[in-house]
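Source file: work_17.pdb (PDB, C-alpha atoms and all ligand atoms)
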MODEL        1
ATOM      1  CA  MET A   1     124.290  88.181 115.337
ATOM      2  CA  LEU A   2     126.170  90.498 117.700
ATOM      3  CA  LYS A   3     128.837  88.695 119.690
ATOM      4  CA  GLY A   4     130.269  90.038 122.890
ATOM      5  CA  GLU A   5     132.742  88.454 125.261
ATOM      6  CA  ARG A   6     130.022  86.521 127.058
ATOM      7  CA  VAL A   7     126.651  87.322 125.516
ATOM      8  CA  ILE A   8     125.193  87.114 122.032
ATOM      9  CA  LEU A   9     122.392  89.287 120.683
ATOM     10  CA  GLY A  10     120.510  87.414 117.984
ATOM     11  CA  PRO A  11     117.140  87.095 116.297
ATOM     12  CA  VAL A  12     113.988  86.403 118.285
ATOM     13  CA  LYS A  13     112.793  82.834 117.668
ATOM     14  CA  ARG A  14     109.351  81.320 118.062
ATOM     15  CA  LYS A  15     110.653  78.804 120.600
ATOM     16  CA  TYR A  16     111.405  81.695 122.999
ATOM     17  CA  ILE A  17     107.707  82.455 123.545
ATOM     18  CA  GLU A  18     107.476  80.289 126.652
ATOM     19  CA  SER A  19     110.321  82.168 128.350
ATOM     20  CA  PHE A  20     109.007  85.579 127.320
ATOM     21  CA  LEU A  21     105.590  84.740 128.795
ATOM     22  CA  LYS A  22     107.217  83.567 132.032
ATOM     23  CA  TRP A  23     109.290  86.745 132.397
ATOM     24  CA  PHE A  24     106.638  89.292 131.438
ATOM     25  CA  ASN A  25     104.024  87.723 133.700
ATOM     26  CA  ASP A  26     106.385  87.770 136.689
ATOM     27  CA  SER A  27     105.629  90.782 138.902
ATOM     28  CA  GLU A  28     109.209  90.830 140.202
ATOM     29  CA  ILE A  29     110.239  91.635 136.634
ATOM     30  CA  ASN A  30     107.299  93.534 135.153
ATOM     31  CA  GLN A  31     107.276  96.075 138.019
ATOM     32  CA  TYR A  32     110.204  97.626 136.126
ATOM     33  CA  LEU A  33     108.479  97.596 132.733
ATOM     34  CA  VAL A  34     105.668  99.521 131.082
ATOM     35  CA  MET A  35     103.416  96.474 130.850
ATOM     36  CA  TYR A  36     101.094  95.571 133.699
ATOM     37  CA  ARG A  37      98.318  93.469 132.148
ATOM     38  CA  PRO A  38      98.836  89.720 132.110
ATOM     39  CA  MET A  39     100.358  88.791 128.782
ATOM     40  CA  THR A  40      98.558  86.013 126.917
ATOM     41  CA  ARG A  41     100.152  83.529 124.551
ATOM     42  CA  MET A  42      97.961  84.873 121.743
ATOM     43  CA  GLU A  43      99.225  88.434 122.277
ATOM     44  CA  GLU A  44     102.812  87.259 122.454
ATOM     45  CA  GLU A  45     102.468  85.235 119.243
ATOM     46  CA  GLU A  46     100.849  88.181 117.483
ATOM     47  CA  TRP A  47     103.622  90.519 118.668
ATOM     48  CA  MET A  48     106.258  88.107 117.390
ATOM     49  CA  GLU A  49     104.491  87.651 114.071
ATOM     50  CA  ASN A  50     104.351  91.434 113.558
ATOM     51  CA  LEU A  51     108.018  92.007 114.429
ATOM     52  CA  LYS A  52     109.245  91.412 110.874
ATOM     53  CA  ASP A  53     107.007  94.220 109.519
ATOM     54  CA  ARG A  54     108.018  96.790 112.119
ATOM     55  CA  GLU A  55     110.221  99.481 110.608
ATOM     56  CA  ASP A  56     110.623 101.247 113.928
ATOM     57  CA  THR A  57     111.790  98.337 116.075
ATOM     58  CA  ILE A  58     114.776  95.994 116.207
ATOM     59  CA  HIS A  59     114.216  93.313 118.808
ATOM     60  CA  LEU A  60     116.958  90.889 119.848
ATOM     61  CA  ALA A  61     117.281  87.862 122.088
ATOM     62  CA  ILE A  62     120.089  87.757 124.642
ATOM     63  CA  THR A  63     121.728  84.338 124.840
ATOM     64  CA  ILE A  64     124.891  82.895 126.284
ATOM     65  CA  PRO A  65     126.670  79.957 124.649
ATOM     66  CA  ASN A  66     126.613  76.615 126.486
ATOM     67  CA  GLU A  67     129.691  74.418 126.454
ATOM     68  CA  ASP A  68     128.007  71.946 124.058
ATOM     69  CA  GLY A  69     127.502  74.684 121.461
ATOM     70  CA  SER A  70     123.816  75.207 122.239
ATOM     71  CA  GLU A  71     122.512  78.504 123.561
ATOM     72  CA  LYS A  72     120.889  79.559 126.814
ATOM     73  CA  LEU A  73     118.266  82.289 126.453
ATOM     74  CA  ILE A  74     118.572  84.733 129.369
ATOM     75  CA  GLY A  75     116.784  87.875 128.217
ATOM     76  CA  ASN A  76     115.833  90.196 125.443
ATOM     77  CA  CYS A  77     116.474  93.759 124.426
ATOM     78  CA  GLY A  78     115.567  96.111 121.649
ATOM     79  CA  ILE A  79     115.761  99.426 119.922
ATOM     80  CA  HIS A  80     112.281 100.894 119.687
ATOM     81  CA  LYS A  81     110.446 103.908 118.343
ATOM     82  CA  ILE A  82     113.209 104.486 115.804
ATOM     83  CA  ASP A  83     112.854 107.942 114.302
ATOM     84  CA  TRP A  84     114.822 107.617 111.060
ATOM     85  CA  LYS A  85     114.727 111.342 110.238
ATOM     86  CA  ASN A  86     116.162 112.522 113.545
ATOM     87  CA  ARG A  87     118.171 109.318 114.064
ATOM     88  CA  SER A  88     116.890 108.774 117.582
ATOM     89  CA  ALA A  89     115.323 105.819 119.358
ATOM     90  CA  GLU A  90     114.570 104.257 122.727
ATOM     91  CA  ILE A  91     116.014 101.046 124.135
ATOM     92  CA  GLY A  92     114.720  98.439 126.544
ATOM     93  CA  ILE A  93     116.217  95.380 128.200
ATOM     94  CA  VAL A  94     115.224  92.467 130.410
ATOM     95  CA  ILE A  95     117.453  89.786 131.845
ATOM     96  CA  GLY A  96     114.470  87.548 132.493
ATOM     97  CA  GLU A  97     116.230  84.501 133.914
ATOM     98  CA  LYS A  98     116.709  85.767 137.433
ATOM     99  CA  GLU A  99     119.705  83.584 138.290
ATOM    100  CA  TYR A 100     121.547  85.364 135.476
ATOM    101  CA  GLN A 101     120.884  88.854 136.838
ATOM    102  CA  ASN A 102     123.684  90.771 138.610
ATOM    103  CA  LYS A 103     126.386  88.875 136.757
ATOM    104  CA  GLY A 104     127.337  91.569 134.276
ATOM    105  CA  TYR A 105     125.291  90.170 131.376
ATOM    106  CA  GLY A 106     122.886  93.130 131.291
ATOM    107  CA  THR A 107     125.725  95.656 131.127
ATOM    108  CA  GLU A 108     127.419  93.759 128.308
ATOM    109  CA  ALA A 109     124.164  93.360 126.356
ATOM    110  CA  ILE A 110     123.407  97.098 126.559
ATOM    111  CA  GLU A 111     126.931  97.951 125.452
ATOM    112  CA  LEU A 112     126.609  95.624 122.446
ATOM    113  CA  LEU A 113     123.213  97.122 121.645
ATOM    114  CA  LEU A 114     124.588 100.685 121.797
ATOM    115  CA  GLU A 115     127.567  99.836 119.588
ATOM    116  CA  TYR A 116     125.132  98.371 117.042
ATOM    117  CA  ALA A 117     122.662 101.270 117.369
ATOM    118  CA  PHE A 118     125.273 103.972 116.867
ATOM    119  CA  ASN A 119     127.771 102.389 114.507
ATOM    120  CA  THR A 120     125.677 100.024 112.390
ATOM    121  CA  VAL A 121     122.135 101.384 112.455
ATOM    122  CA  ASN A 122     123.642 104.890 112.435
ATOM    123  CA  LEU A 123     121.496 106.428 115.162
ATOM    124  CA  ASN A 124     122.587 109.581 116.954
ATOM    125  CA  ARG A 125     120.588 109.542 120.179
ATOM    126  CA  ILE A 126     119.365 106.738 122.411
ATOM    127  CA  GLU A 127     116.873 107.390 125.164
ATOM    128  CA  LEU A 128     115.368 105.265 127.900
ATOM    129  CA  THR A 129     113.059 105.603 130.867
ATOM    130  CA  VAL A 130     113.763 103.997 134.234
ATOM    131  CA  TYR A 131     111.538 104.073 137.319
ATOM    132  CA  GLU A 132     113.174 105.665 140.352
ATOM    133  CA  TYR A 133     112.873 102.498 142.424
ATOM    134  CA  ASN A 134     114.856 100.518 139.849
ATOM    135  CA  VAL A 135     118.155 101.429 141.488
ATOM    136  CA  ARG A 136     120.025  98.595 139.821
ATOM    137  CA  ALA A 137     119.045  99.593 136.281
ATOM    138  CA  PHE A 138     119.754 103.273 137.012
ATOM    139  CA  LYS A 139     123.214 102.286 138.210
ATOM    140  CA  VAL A 140     123.893 100.191 135.106
ATOM    141  CA  TYR A 141     122.765 102.944 132.729
ATOM    142  CA  SER A 142     124.803 105.616 134.560
ATOM    143  CA  LYS A 143     127.878 103.377 134.521
ATOM    144  CA  ILE A 144     127.526 102.915 130.766
ATOM    145  CA  GLY A 145     127.327 106.659 130.209
ATOM    146  CA  PHE A 146     123.627 107.551 130.061
ATOM    147  CA  ILE A 147     122.930 111.052 131.372
ATOM    148  CA  GLU A 148     119.835 111.895 133.401
ATOM    149  CA  GLU A 149     117.783 114.440 131.432
ATOM    150  CA  GLY A 150     114.848 114.890 133.737
ATOM    151  CA  ARG A 151     112.020 113.287 135.625
ATOM    152  CA  LYS A 152     108.431 112.566 134.807
ATOM    153  CA  ARG A 153     106.927 113.244 138.209
ATOM    154  CA  GLN A 154     104.596 110.655 139.757
ATOM    155  CA  PHE A 155     104.606 108.772 136.481
ATOM    156  CA  MET A 156     104.185 105.269 137.850
ATOM    157  CA  TRP A 157     101.596 103.915 140.285
ATOM    158  CA  LEU A 158     102.923 100.883 142.111
ATOM    159  CA  ARG A 159     101.988  99.262 145.415
ATOM    160  CA  GLY A 160      99.952 102.189 146.678
ATOM    161  CA  ALA A 161     102.282 105.037 145.749
ATOM    162  CA  TYR A 162     103.348 107.150 142.806
ATOM    163  CA  HIS A 163     106.942 107.060 141.635
ATOM    164  CA  ASP A 164     108.946 109.266 139.296
ATOM    165  CA  ALA A 165     110.256 108.021 135.968
ATOM    166  CA  ILE A 166     113.771 109.144 135.063
ATOM    167  CA  VAL A 167     114.526 109.925 131.420
ATOM    168  CA  MET A 168     118.125 109.228 130.406
ATOM    169  CA  SER A 169     119.972 109.465 127.118
ATOM    170  CA  ILE A 170     123.321 108.921 125.452
ATOM    171  CA  LEU A 171     124.556 110.445 122.189
ATOM    172  CA  ALA A 172     126.685 108.809 119.504
ATOM    173  CA  GLU A 173     129.578 111.214 120.154
ATOM    174  CA  GLU A 174     129.514 110.372 123.873
ATOM    175  CA  TRP A 175     129.392 106.630 123.225
ATOM    176  CA  ASN A 176     132.197 106.738 120.662
ATOM    177  CA  ALA A 177     134.397 108.883 122.901
ATOM    178  CA  LYS A 178     133.837 106.491 125.794
ATOM    179  CA  SER A 179     134.167 103.222 123.900
ATOM    180  CA  LYS A 180     137.393 104.263 122.138
ATOM    181  CA  LYS A 181     139.136 104.923 125.474
TER     182      LYS A 181
HETATM  183  C1  LIG B 201     118.419  95.972 134.940
HETATM  184  C2  LIG B 201     119.115  94.770 134.309
HETATM  185  C3  LIG B 201     118.973  94.812 132.783
HETATM  186  C4  LIG B 201     120.619  94.834 134.664
HETATM  187  O1  LIG B 201     121.267  93.699 134.143
HETATM  188  P1  LIG B 201     122.140  92.759 135.126
HETATM  189  O2  LIG B 201     122.837  91.766 134.295
HETATM  190  O3  LIG B 201     121.260  92.252 136.214
HETATM  191  O4  LIG B 201     123.148  93.853 135.743
HETATM  192  P2  LIG B 201     124.741  93.823 135.815
HETATM  193  O5  LIG B 201     125.173  92.609 136.538
HETATM  194  O6  LIG B 201     125.306  94.049 134.467
HETATM  195  O7  LIG B 201     125.022  95.136 136.670
HETATM  196  C5  LIG B 201     124.299  95.357 137.866
HETATM  197  C6  LIG B 201     124.950  96.477 138.637
HETATM  198  O8  LIG B 201     123.995  96.980 139.581
HETATM  199  C7  LIG B 201     124.502  96.790 140.894
HETATM  200  N1  LIG B 201     123.335  96.460 141.721
HETATM  201  C8  LIG B 201     122.665  95.305 141.798
HETATM  202  N2  LIG B 201     121.629  95.427 142.651
HETATM  203  C9  LIG B 201     121.650  96.707 143.089
HETATM  204  C10 LIG B 201     120.850  97.468 143.984
HETATM  205  N3  LIG B 201     119.800  96.939 144.597
HETATM  206  N4  LIG B 201     121.177  98.765 144.197
HETATM  207  C11 LIG B 201     122.234  99.325 143.580
HETATM  208  N5  LIG B 201     123.034  98.658 142.717
HETATM  209  C12 LIG B 201     122.735  97.369 142.489
HETATM  210  C13 LIG B 201     125.526  95.695 140.781
HETATM  211  O9  LIG B 201     126.468  95.769 141.809
HETATM  212  C14 LIG B 201     126.146  96.018 139.433
HETATM  213  O10 LIG B 201     127.018  97.105 139.491
HETATM  214  P3  LIG B 201     128.608  96.904 139.322
HETATM  215  O11 LIG B 201     128.823  96.354 137.945
HETATM  216  O12 LIG B 201     129.185  98.282 139.465
HETATM  217  O13 LIG B 201     129.007  95.958 140.379
HETATM  218  C15 LIG B 201     118.524  93.405 134.848
HETATM  219  O14 LIG B 201     118.793  93.293 136.233
HETATM  220  C16 LIG B 201     117.042  93.264 134.593
HETATM  221  O15 LIG B 201     116.642  92.858 133.525
HETATM  222  N6  LIG B 201     116.195  93.599 135.603
HETATM  223  C17 LIG B 201     114.740  93.418 135.500
HETATM  224  C18 LIG B 201     114.096  94.230 134.387
HETATM  225  C19 LIG B 201     114.580  95.657 134.331
HETATM  226  O16 LIG B 201     114.770  96.311 135.338
HETATM  227  N7  LIG B 201     114.784  96.161 133.095
HETATM  228  C20 LIG B 201     115.186  97.532 132.879
HETATM  229  C21 LIG B 201     114.008  98.421 132.852
HETATM  230  S1  LIG B 201     114.459 100.147 132.713
ENDMDL
END
Represent the structure of the file as structure tokens.
Amino acid sequence: MLKGERVILGPVKRKYIESFLKWFNDSEINQYLVMYRPMTRMEEEEWMENLKDREDTIHLAITIPNEDGSEKLIGNCGIHKIDWKNRSAEIGIVIGEKEYQNKGYGTEAIELLLEYAFNTVNLNRIELTVYEYNVRAFKVYSKIGFIEEGRKRQFMWLRGAYHDAIVMSILAEEWNAKSKK
């Protein structure tokens, strides 16, 4: 369990399936993600079942504590495609409960994830890809310290047009220099 000031990153539980299906089948949300096919319950259950055997992925639920001690699931995030030899990986995040977006939870969750990735998992490089029309996510990543490395031109077809995908990264030395300030 990774505890921040307001959010907690914890294990993915079976009871979260309903929320995951709702988020990933919502075009307002999945326009920013790689997936575009409708996600079925069977696929989601299979994905969850396989998580424990995946050496290259660490997937976490983002929750916030309720006053009564229970938790409110608001999103999920993960470290993917972990390359243990070169100590690099990609990250992804979704704040799926829309009323919890734009309240700073996403920024805090990514910061917790980076601290864990660099200083517990011992990775050296974290990469991500963000579509150019996802101005909010680009802003969040830049604010945290991700550097734009380049663009995959016309990578994404959405609503009748092609859009670039921006590749960003942050290194352990950059994160540690920033977070110690
Ligand atoms: C992207 C995402 C993770 C960010 O998390 P969040 O909790 O909503 O974001 P935060 O509240 O931490 O920060 C949002 C920042 O973007 C700014 N912002 C919001 N909407 C914006 C817009 N349309 N244009 C520019 N900036 C915007 C906010 O002002 C804030 O910046 P500030 O802290 O300097 O004020 C979340 O919105 C999300 O899951 N979106 C849908 C899925 C997605 O895009 N995932 C990422 C795929 S790469």
Please evaluate the PyMOL selection byres (((chain A and resi 25) around 9) and not hetatm) against the displayed coordinates and give the resulting residues as an MDAnalysis selection string. chainID A and resid 20:24 26:30 36:40
Step by step, work through what the PyMOL selection byres (((not hetatm)) within 6 of (chain B and resi 201)) selects in the shown file, and finish by giving those residues as a list in words. Ile29, Tyr32, Leu33, Ile93, Val94, Ile95, Gly96, Gln101, Asn102, Lys103, Gly104, Tyr105, Gly106, Thr107, Thr129, Val130, Val135, Arg136, Ala137, Lys139 and Val140 of chain A
With all atoms listed in the file as the basis for distance, which of A:Lys15, A:His80, A:Arg151, A:Lys52 is at the shortest distance from His163 in chain A?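 Counting all atoms listed in the file, the residue closest to His163 in chain A is A:Arg151.
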Hey, which bits of range 32-139 of chain A sit within 8 Å of range 164-174 of chain A, and for each residue what's the closest pair of atoms and how far apart in Å (one decimal), counting all atoms listed in the file, rows by chain and increasing number, as a tab-separated table?
residue	atom	partner	partner_atom	distance
A:Phe118	CA	A:Ala172	CA	5.7
A:Leu123	CA	A:Ala172	CA	7.2
A:Asn124	CA	A:Ala172	CA	4.9
A:Arg125	CA	A:Leu171	CA	4.5
A:Ile126	CA	A:Ile170	CA	5.4
A:Glu127	CA	A:Ser169	CA	4.2
A:Leu128	CA	A:Met168	CA	5.4
A:Thr129	CA	A:Val167	CA	4.6
A:Val130	CA	A:Ile166	CA	5.2
A:Tyr131	CA	A:Ala165	CA	4.4
A:Glu132	CA	A:Asp164	CA	5.7
Of A:Lys180, A:Arg159, A:Lys13, A:Arg6, the one nearest to Leu112 in chain A when counting only C-alpha atoms is A:Arg6
If you measure from CA of Leu114 in chain A to CA of Trp175 in chain A, what distance in Å do you get, rounded to one decimal? 7.8 Å
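Distances to Glu5 in chain A were evaluated for A:Asn119, A:Thr63, A:Phe155, A:Asn86 using only C-alpha atoms, and the minimum falls at A:Thr63.
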Mind giving me the straight-line distance from CA of Arg153 in chain A to CA of Ile91 in chain A in Å, one decimal? 20.7 Å
Contacts of Arg54 in chain A at 12 Å (all atoms listed in the file; same-chain gap of 5+ positions) as a list in words: Trp47, Met48, Glu49, His59, Ile79, His80, Lys81 and Ile82 of chain A
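Of the residues under consideration (A:Val34, A:Met42, A:Ile147, A:Leu51), A:Val34 shows the shortest atom-to-atom contact distance to Gly92 in chain A when counting all atoms listed in the file.
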Could you give me, as a ChimeraX atom specification, the residues within 12 Å of Glu71 in chain A, counting all atoms listed in the file and dropping anything in the same chain fewer than 6 positions from it? /A:6-10,16,61-65
Please compute the CA of Val12 in chain A-CA of Gly69 in chain A distance, one decimal, in Å.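 Interatomic distance, CA of Val12 in chain A to CA of Gly69 in chain A: 18.2 Å.
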Between A:Leu73, A:Gly78, A:Leu113, A:Thr120, which one has atoms that come closest to Glu99 in chain A, using all atoms listed in the file? A:Leu73
